[in-house]
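Here is the file final.cif (mmCIF, C-alpha atoms).
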```cif
data_data
#
loop_
_atom_site.group_PDB
_atom_site.id
_atom_site.type_symbol
_atom_site.label_atom_id
_atom_site.label_comp_id
_atom_site.auth_asym_id
_atom_site.auth_seq_id
_atom_site.Cartn_x
_atom_site.Cartn_y
_atom_site.Cartn_z
ATOM 1 C CA MET A 463 117.736 63.028 -16.415
ATOM 2 C CA SER A 464 121.183 62.564 -15.023
ATOM 3 C CA GLU A 465 123.629 59.974 -16.253
ATOM 4 C CA ASP A 466 123.352 58.079 -12.962
ATOM 5 C CA SER A 467 119.598 57.847 -13.303
ATOM 6 C CA ILE A 468 119.954 56.485 -16.799
ATOM 7 C CA LYS A 469 122.394 53.815 -15.595
ATOM 8 C CA LYS A 470 120.069 52.831 -12.782
ATOM 9 C CA ASP A 471 117.157 52.506 -15.176
ATOM 10 C CA GLU A 472 119.240 50.354 -17.488
ATOM 11 C CA GLU A 473 120.308 48.158 -14.598
ATOM 12 C CA LEU A 474 116.714 47.777 -13.457
ATOM 13 C CA ASN A 475 115.607 46.917 -16.984
ATOM 14 C CA SER A 476 118.383 44.357 -17.228
ATOM 15 C CA ILE A 477 117.354 42.813 -13.934
ATOM 16 C CA ASP A 478 113.740 42.655 -15.102
ATOM 17 C CA GLU A 479 114.772 40.991 -18.355
ATOM 18 C CA ASN A 480 116.935 38.482 -16.509
ATOM 19 C CA GLN A 481 114.077 37.759 -14.150
ATOM 20 C CA GLU A 482 111.747 37.226 -17.085
ATOM 21 C CA ASP A 483 114.260 34.853 -18.662
ATOM 22 C CA THR A 484 114.628 33.014 -15.371
ATOM 23 C CA ASP A 485 110.869 32.771 -14.953
ATOM 24 C CA LYS A 486 110.570 31.523 -18.514
ATOM 25 C CA VAL A 487 113.217 28.848 -17.939
ATOM 26 C CA ASN A 488 111.609 27.852 -14.674
ATOM 27 C CA GLN A 489 108.238 27.549 -16.374
ATOM 28 C CA GLU A 490 109.773 25.417 -19.118
ATOM 29 C CA VAL A 491 111.342 23.170 -16.475
ATOM 30 C CA VAL A 492 108.011 22.898 -14.687
ATOM 31 C CA ASP A 493 106.219 22.111 -17.948
ATOM 32 C CA GLU A 494 108.858 19.530 -18.869
ATOM 33 C CA SER A 495 108.596 18.012 -15.408
ATOM 34 C CA ILE A 496 104.817 17.770 -15.686
ATOM 35 C CA PHE A 497 105.157 16.221 -19.166
ATOM 36 C CA LEU A 498 107.688 13.671 -17.931
ATOM 37 C CA LYS A 499 105.568 12.798 -14.903
ATOM 38 C CA THR A 500 102.564 12.310 -17.192
ATOM 39 C CA LYS A 501 104.607 10.103 -19.524
ATOM 40 C CA ILE A 502 105.980 8.090 -16.609
ATOM 41 C CA SER A 503 102.464 7.608 -15.271
ATOM 42 C CA GLU A 504 101.246 6.485 -18.711
ATOM 43 C CA LEU A 505 104.162 4.071 -19.069
ATOM 44 C CA GLU A 506 103.596 2.698 -15.580
ATOM 45 C CA ASN A 507 99.930 2.100 -16.424
ATOM 46 C CA GLU A 508 100.909 0.463 -19.716
ATOM 47 C CA ILE A 509 103.445 -1.763 -17.953
ATOM 48 C CA ALA A 510 100.831 -2.712 -15.361
ATOM 49 C CA GLU A 511 98.356 -3.622 -18.127
ATOM 50 C CA LEU A 512 100.978 -5.665 -19.994
ATOM 51 C CA LYS A 513 101.963 -7.429 -16.780
ATOM 52 C CA ASP A 514 98.316 -8.223 -16.063
ATOM 53 C CA LYS A 515 97.834 -9.557 -19.609
ATOM 54 C CA PHE A 516 101.003 -11.642 -19.323
ATOM 55 C CA LEU A 517 99.911 -13.131 -16.002
ATOM 56 C CA ARG A 518 96.474 -13.960 -17.417
ATOM 57 C CA LYS A 519 97.994 -15.541 -20.536
ATOM 58 C CA ALA A 520 100.443 -17.491 -18.397
ATOM 59 C CA ALA A 521 97.576 -18.754 -16.241
ATOM 60 C CA GLU A 522 95.539 -19.666 -19.344
ATOM 61 C CA PHE A 523 98.514 -21.549 -20.823
ATOM 62 C CA GLU A 524 99.101 -23.384 -17.552
ATOM 63 C CA ASN A 525 95.437 -24.414 -17.445
ATOM 64 C CA TYR A 526 95.608 -25.495 -21.106
ATOM 65 C CA LYS A 527 98.765 -27.522 -20.481
ATOM 66 C CA ARG A 528 97.198 -29.183 -17.437
ATOM 67 C CA ARG A 529 94.036 -29.982 -19.418
ATOM 68 C CA VAL A 530 96.039 -31.515 -22.292
ATOM 69 C CA GLU A 531 98.098 -33.579 -19.845
ATOM 70 C CA ASN A 532 94.917 -34.863 -18.194
ATOM 71 C CA GLU A 533 93.405 -35.705 -21.583
ATOM 72 C CA GLN A 534 96.549 -37.596 -22.576
ATOM 73 C CA LEU A 535 96.574 -39.489 -19.282
ATOM 74 C CA ASN A 536 92.916 -40.400 -19.766
ATOM 75 C CA LEU A 537 93.606 -41.535 -23.333
ATOM 76 C CA ILE A 538 96.340 -43.837 -22.068
ATOM 77 C CA LYS A 539 94.313 -44.967 -19.077
ATOM 78 C CA TYR A 540 91.165 -45.750 -21.048
ATOM 79 C CA ALA A 541 92.760 -46.597 -24.419
ATOM 80 C CA ALA A 542 91.238 -50.082 -24.458
ATOM 81 C CA GLU A 543 87.792 -48.990 -23.231
ATOM 82 C CA ASN A 544 86.193 -48.898 -26.684
ATOM 83 C CA PHE A 545 87.615 -52.290 -27.640
ATOM 84 C CA ILE A 546 86.564 -53.857 -24.333
ATOM 85 C CA THR A 547 83.049 -52.446 -24.729
ATOM 86 C CA ARG A 548 82.795 -54.052 -28.166
ATOM 87 C CA LEU A 549 84.248 -57.298 -26.826
ATOM 88 C CA LEU A 550 81.610 -57.694 -24.114
ATOM 89 C CA PRO A 551 78.858 -58.956 -26.488
ATOM 90 C CA VAL A 552 81.233 -61.709 -27.646
ATOM 91 C CA ILE A 553 81.751 -62.726 -24.024
ATOM 92 C CA ASP A 554 77.968 -62.704 -23.577
ATOM 93 C CA ASP A 555 77.681 -65.103 -26.533
ATOM 94 C CA PHE A 556 80.275 -67.408 -24.992
ATOM 95 C CA GLU A 557 78.454 -67.410 -21.660
ATOM 96 C CA ARG A 558 75.143 -68.255 -23.329
ATOM 97 C CA SER A 559 76.806 -71.064 -25.286
ATOM 98 C CA LEU A 560 78.365 -72.503 -22.145
ATOM 99 C CA GLN A 561 74.966 -72.506 -20.455
ATOM 100 C CA HIS A 562 73.504 -74.636 -23.245
ATOM 101 C CA VAL A 563 76.428 -76.997 -23.852
ATOM 102 C CA GLY A 564 75.270 -79.473 -21.220
ATOM 103 C CA SER A 565 71.742 -79.709 -22.602
ATOM 104 C CA ALA A 566 72.705 -79.680 -26.279
ATOM 105 C CA LYS A 567 71.784 -82.874 -28.121
ATOM 106 C CA ASP A 568 73.378 -81.977 -31.430
ATOM 107 C CA ILE A 569 77.143 -81.484 -31.288
ATOM 108 C CA ASN A 570 77.019 -79.891 -34.730
ATOM 109 C CA SER A 571 74.825 -77.049 -33.460
ATOM 110 C CA VAL A 572 77.278 -76.451 -30.605
ATOM 111 C CA THR A 573 80.180 -76.427 -33.045
ATOM 112 C CA GLU A 574 78.322 -74.054 -35.318
ATOM 113 C CA GLY A 575 77.550 -71.731 -32.411
ATOM 114 C CA VAL A 576 81.192 -71.667 -31.307
ATOM 115 C CA LYS A 577 82.255 -71.013 -34.902
ATOM 116 C CA LEU A 578 79.890 -68.038 -35.107
ATOM 117 C CA ILE A 579 81.347 -66.599 -31.912
ATOM 118 C CA TYR A 580 84.877 -67.178 -33.230
ATOM 119 C CA ASP A 581 84.052 -65.382 -36.483
ATOM 120 C CA LYS A 582 82.536 -62.506 -34.525
ATOM 121 C CA LEU A 583 85.668 -62.206 -32.397
ATOM 122 C CA MET A 584 87.994 -62.325 -35.414
ATOM 123 C CA LYS A 585 85.925 -59.629 -37.139
ATOM 124 C CA LEU A 586 86.237 -57.445 -34.053
ATOM 125 C CA LEU A 587 90.011 -57.988 -33.971
ATOM 126 C CA ASP A 588 90.250 -57.194 -37.675
ATOM 127 C CA GLU A 589 88.448 -53.891 -37.101
ATOM 128 C CA GLN A 590 91.066 -53.069 -34.475
ATOM 129 C CA GLY A 591 93.907 -53.739 -36.923
ATOM 130 C CA VAL A 592 94.721 -57.256 -35.692
ATOM 131 C CA LYS A 593 95.132 -59.759 -38.523
ATOM 132 C CA LYS A 594 96.011 -63.433 -38.566
ATOM 133 C CA ILE A 595 99.236 -64.345 -40.349
ATOM 134 C CA GLU A 596 98.725 -66.663 -43.304
ATOM 135 C CA ALA A 597 101.078 -69.596 -42.907
ATOM 136 C CA ILE A 598 100.047 -72.977 -44.349
ATOM 137 C CA GLY A 599 101.202 -73.404 -47.944
ATOM 138 C CA LYS A 600 103.286 -70.228 -47.830
ATOM 139 C CA PRO A 601 107.084 -70.101 -48.213
ATOM 140 C CA PHE A 602 108.727 -69.934 -44.798
ATOM 141 C CA ASP A 603 109.443 -66.315 -43.863
ATOM 142 C CA VAL A 604 111.445 -65.590 -40.739
ATOM 143 C CA GLU A 605 109.677 -62.218 -40.443
ATOM 144 C CA TYR A 606 106.345 -63.941 -39.798
ATOM 145 C CA HIS A 607 106.996 -67.610 -39.035
ATOM 146 C CA GLU A 608 108.838 -69.514 -36.333
ATOM 147 C CA ALA A 609 109.859 -72.981 -37.528
ATOM 148 C CA LEU A 610 109.632 -75.601 -34.784
ATOM 149 C CA MET A 611 110.033 -78.709 -36.941
ATOM 150 C CA GLN A 612 110.956 -79.914 -40.402
ATOM 151 C CA ARG A 613 109.118 -82.696 -42.156
ATOM 152 C CA LYS A 614 109.717 -84.645 -45.322
ATOM 153 C CA ALA A 615 107.061 -83.876 -47.915
ATOM 154 C CA GLU A 616 107.155 -85.287 -51.419
ATOM 155 C CA GLY A 617 106.255 -82.960 -54.252
ATOM 156 C CA ILE A 618 106.446 -79.827 -52.091
ATOM 157 C CA LEU A 619 109.146 -77.194 -52.368
ATOM 158 C CA PRO A 620 111.643 -77.053 -49.495
ATOM 159 C CA ASN A 621 110.942 -74.550 -46.710
ATOM 160 C CA THR A 622 107.218 -74.487 -47.366
ATOM 161 C CA VAL A 623 104.944 -74.236 -44.330
ATOM 162 C CA LEU A 624 103.171 -77.589 -44.022
ATOM 163 C CA ASP A 625 101.295 -77.119 -40.780
ATOM 164 C CA GLU A 626 100.654 -74.506 -38.127
ATOM 165 C CA ILE A 627 101.039 -75.361 -34.458
ATOM 166 C CA GLN A 628 100.115 -71.910 -33.173
ATOM 167 C CA SER A 629 98.654 -68.984 -35.103
ATOM 168 C CA GLY A 630 100.587 -65.755 -35.440
ATOM 169 C CA TYR A 631 99.159 -62.242 -35.513
ATOM 170 C CA ILE A 632 99.998 -58.797 -36.849
ATOM 171 C CA TYR A 633 98.823 -55.620 -35.144
ATOM 172 C CA LYS A 634 98.685 -52.880 -37.786
ATOM 173 C CA ASP A 635 102.215 -53.129 -39.244
ATOM 174 C CA ARG A 636 103.904 -55.007 -36.390
ATOM 175 C CA VAL A 637 104.166 -58.735 -35.771
ATOM 176 C CA ILE A 638 102.968 -59.296 -32.207
ATOM 177 C CA ARG A 639 103.304 -63.087 -32.373
ATOM 178 C CA HIS A 640 105.045 -65.267 -34.947
ATOM 179 C CA SER A 641 103.274 -68.314 -36.330
ATOM 180 C CA LYS A 642 104.763 -71.527 -34.930
ATOM 181 C CA VAL A 643 104.995 -73.849 -37.919
ATOM 182 C CA ILE A 644 106.284 -77.089 -39.419
ATOM 183 C CA VAL A 645 108.196 -76.621 -42.668
ATOM 184 C CA SER A 646 109.092 -78.988 -45.486
ATOM 185 C CA GLU A 647 112.605 -80.306 -45.769
ATOM 186 C CA ASP A 648 114.494 -80.791 -49.004
ATOM 187 C CA SER A 649 113.878 -84.468 -49.828
ATOM 188 C CA HIS A 650 117.176 -84.682 -51.716
ATOM 189 C CA GLU A 651 119.080 -83.825 -48.553
ATOM 190 C CA LEU A 652 117.419 -86.607 -46.544
ATOM 191 C CA SER A 653 119.102 -89.968 -46.262
ATOM 192 C CA ALA A 654 117.264 -93.230 -45.777
ATOM 193 C CA ASN A 655 117.892 -93.004 -42.054
ATOM 194 C CA ASP A 656 116.494 -89.482 -41.644
ATOM 195 C CA GLN A 657 113.457 -89.123 -39.425
ATOM 196 C CA THR A 658 110.194 -87.922 -40.894
ATOM 197 C CA ILE A 659 110.008 -85.004 -38.448
ATOM 198 C CA ASN A 660 113.077 -83.169 -37.193
ATOM 199 C CA PRO A 661 112.899 -80.525 -34.494
ATOM 200 C CA ILE A 662 114.885 -77.394 -35.344
ATOM 201 C CA GLU A 663 115.951 -74.375 -33.373
ATOM 202 C CA SER A 664 114.201 -71.115 -34.039
ATOM 203 C CA ASP A 665 115.697 -67.651 -34.034
ATOM 204 C CA ASN A 666 112.336 -66.058 -33.185
ATOM 205 C CA SER A 667 110.695 -65.716 -29.846
ATOM 206 C CA ASP A 668 107.104 -64.999 -28.926
#
```

Represent the supplied structure as structure tokens.
Amino acid sequence: MSEDSIKKDEELNSIDENQEDTDKVNQEVVDESIFLKTKISELENEIAELKDKFLRKAAEFENYKRRVENEQLNLIKYAAENFITRLLPVIDDFERSLQHVGSAKDINSVTEGVKLIYDKLMKLLDEQGVKKIEAIGKPFDVEYHEALMQRKAEGILPNTVLDEIQSGYIYKDRVIRHSKVIVSEDSHELSANDQTINPIESDNSD
């Protein structure tokens, strides 16, 4: 074999090897491309699933928020419903009493009936957290009492509640109406010309 033939064979072999390398690289690129496309498709599907889950959760939360808002509005709107329902029997008792007042021959029975209704109403208020402020005989307390008058009272400490003109009430821990009262005045501070009852200004309001 001549030297030229040998060179040609070597060149052909080199070309074949280069072609094989090129084919191998091309195949690797194709494989990598297929792998990347598969990954992209998987990620797109995963993103679509996550987006769908997010939208469903967002819709569920919106429905939950709307339901809670409606429940809160209903609680505010019908907050007094239970109390009113329990108050209706007391009103029924009053109506029945009014129907029999005209024909009643014994005023004591009428008074007793009204007292029973009053006690029933006060019990209902107490169950709702409404309590009457104790006033008569208690030391005057600006937190609970509103003094309208002062009156001389022998043997009683100054600023003691002598009488109650209008009852006061507490709802849970809040005063909703102060008791309007008459309080005792210090007898040592009264002169012979002082009046028995002196109106005074009050710092409280209803």

- Pick from A:Met584, A:Leu624, A:Leu578, A:Leu505 nearest to Pro601 in chain A, counting only C-alpha atoms: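 With only C-alpha atoms as the atom set, the closest residue is A:Leu624.
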
- Query: Can you tell me how far CA of Glu531 in chain A sits from CA of Arg548 in chain A, in Å to one decimal?
  - Reply: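 Spanning CA of Glu531 in chain A to CA of Arg548 in chain A is a straight-line distance of 26.9 Å.
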
- Message: Using the chain letters and numbers from this file, what does the PyMOL selection byres ((chain A and resi 594) around 8) select? Give the answer as a ChimeraX atom specification.
- Response: /A:592-593,595-596,629-632

How about saving the chosen residues, C-alpha atoms kept, as an mmCIF file, in the coordinates of the input?
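So the final result, stored in out_18.cif, reads:
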```cif
data_model
loop_
_atom_site.group_PDB
_atom_site.id
_atom_site.type_symbol
_atom_site.label_atom_id
_atom_site.label_comp_id
_atom_site.auth_asym_id
_atom_site.auth_seq_id
_atom_site.Cartn_x
_atom_site.Cartn_y
_atom_site.Cartn_z
ATOM 1 C CA VAL A 592 94.721 -57.256 -35.692
ATOM 2 C CA LYS A 593 95.132 -59.759 -38.523
ATOM 3 C CA ILE A 595 99.236 -64.345 -40.349
ATOM 4 C CA GLU A 596 98.725 -66.663 -43.304
ATOM 5 C CA SER A 629 98.654 -68.984 -35.103
ATOM 6 C CA GLY A 630 100.587 -65.755 -35.440
ATOM 7 C CA TYR A 631 99.159 -62.242 -35.513
ATOM 8 C CA ILE A 632 99.998 -58.797 -36.849
#
```

Taking all listed atoms of range 606-622 of chain A, build the axis-aligned box, pad each of the six sides by 6 Å, then write its centre and edge lengths in Å to one decimal as AutoDock Vina command-line options.
```
--center_x 108.9 --center_y -74.6 --center_z -44.5 --size_x 17.4 --size_y 33.3 --size_z 31.5
```

- Task: Apply the PyMOL selection byres ((chain A and resi 639) around 10) to the structure shown and report the selected residues as a PyMOL selection string.
- Result: chain A and resi 594-595+606-608+628-633+636-638+640-642+666-668

- Message: Which residue is closest to Asp603 in chain A? Choose from A:Val492, A:Ile553, A:Leu587, A:Val623 and count only C-alpha atoms.
- Response: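 Residue with the minimum atom-to-atom distance to Asp603 in chain A: A:Val623.
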
Mind filling out range 631-650 of chain A with N, CA and C atoms and sending it as an mmCIF file, in the frame of the given file?
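Wrote result-v8.cif, looks like this:
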```
data_model
loop_
_atom_site.group_PDB
_atom_site.id
_atom_site.type_symbol
_atom_site.label_atom_id
_atom_site.label_comp_id
_atom_site.auth_asym_id
_atom_site.auth_seq_id
_atom_site.Cartn_x
_atom_site.Cartn_y
_atom_site.Cartn_z
ATOM 1 N N TYR A 631 100.018 -63.409 -35.273
ATOM 2 C CA TYR A 631 99.159 -62.242 -35.513
ATOM 3 C C TYR A 631 99.995 -60.991 -35.768
ATOM 4 N N ILE A 632 99.406 -60.106 -36.571
ATOM 5 C CA ILE A 632 99.998 -58.797 -36.849
ATOM 6 C C ILE A 632 99.049 -57.732 -36.316
ATOM 7 N N TYR A 633 99.621 -56.765 -35.585
ATOM 8 C CA TYR A 633 98.823 -55.620 -35.144
ATOM 9 C C TYR A 633 99.268 -54.407 -35.951
ATOM 10 N N LYS A 634 98.384 -53.975 -36.856
ATOM 11 C CA LYS A 634 98.685 -52.880 -37.786
ATOM 12 C C LYS A 634 99.882 -53.288 -38.655
ATOM 13 N N ASP A 635 101.073 -52.740 -38.412
ATOM 14 C CA ASP A 635 102.215 -53.129 -39.244
ATOM 15 C C ASP A 635 103.285 -53.853 -38.432
ATOM 16 N N ARG A 636 102.922 -54.352 -37.255
ATOM 17 C CA ARG A 636 103.904 -55.007 -36.390
ATOM 18 C C ARG A 636 103.478 -56.429 -36.059
ATOM 19 N N VAL A 637 104.438 -57.352 -36.168
ATOM 20 C CA VAL A 637 104.166 -58.735 -35.771
ATOM 21 C C VAL A 637 104.167 -58.798 -34.244
ATOM 22 N N ILE A 638 103.038 -59.192 -33.668
ATOM 23 C CA ILE A 638 102.968 -59.296 -32.207
ATOM 24 C C ILE A 638 103.145 -60.740 -31.741
ATOM 25 N N ARG A 639 102.977 -61.691 -32.676
ATOM 26 C CA ARG A 639 103.304 -63.087 -32.373
ATOM 27 C C ARG A 639 103.561 -63.825 -33.680
ATOM 28 N N HIS A 640 104.712 -64.490 -33.753
ATOM 29 C CA HIS A 640 105.045 -65.267 -34.947
ATOM 30 C C HIS A 640 104.239 -66.568 -34.973
ATOM 31 N N SER A 641 103.945 -67.020 -36.179
ATOM 32 C CA SER A 641 103.274 -68.314 -36.330
ATOM 33 C C SER A 641 104.287 -69.425 -36.054
ATOM 34 N N LYS A 642 103.908 -70.365 -35.195
ATOM 35 C CA LYS A 642 104.763 -71.527 -34.930
ATOM 36 C C LYS A 642 104.374 -72.612 -35.936
ATOM 37 N N VAL A 643 105.337 -73.012 -36.768
ATOM 38 C CA VAL A 643 104.995 -73.849 -37.919
ATOM 39 C C VAL A 643 105.936 -75.044 -38.087
ATOM 40 N N ILE A 644 105.469 -75.975 -38.936
ATOM 41 C CA ILE A 644 106.284 -77.089 -39.419
ATOM 42 C C ILE A 644 106.563 -76.819 -40.889
ATOM 43 N N VAL A 645 107.828 -76.923 -41.285
ATOM 44 C CA VAL A 645 108.196 -76.621 -42.668
ATOM 45 C C VAL A 645 108.712 -77.865 -43.375
ATOM 46 N N SER A 646 108.626 -77.850 -44.686
ATOM 47 C CA SER A 646 109.092 -78.988 -45.486
ATOM 48 C C SER A 646 110.611 -78.965 -45.605
ATOM 49 N N GLU A 647 111.164 -80.164 -45.639
ATOM 50 C CA GLU A 647 112.605 -80.306 -45.769
ATOM 51 C C GLU A 647 112.929 -80.752 -47.182
ATOM 52 N N ASP A 648 114.088 -80.390 -47.659
ATOM 53 C CA ASP A 648 114.494 -80.791 -49.004
ATOM 54 C C ASP A 648 114.677 -82.298 -49.035
ATOM 55 N N SER A 649 113.847 -83.002 -49.801
ATOM 56 C CA SER A 649 113.878 -84.468 -49.828
ATOM 57 C C SER A 649 115.197 -85.003 -50.348
ATOM 58 N N HIS A 650 115.898 -84.231 -51.167
ATOM 59 C CA HIS A 650 117.176 -84.682 -51.716
ATOM 60 C C HIS A 650 118.271 -84.672 -50.663
#
```
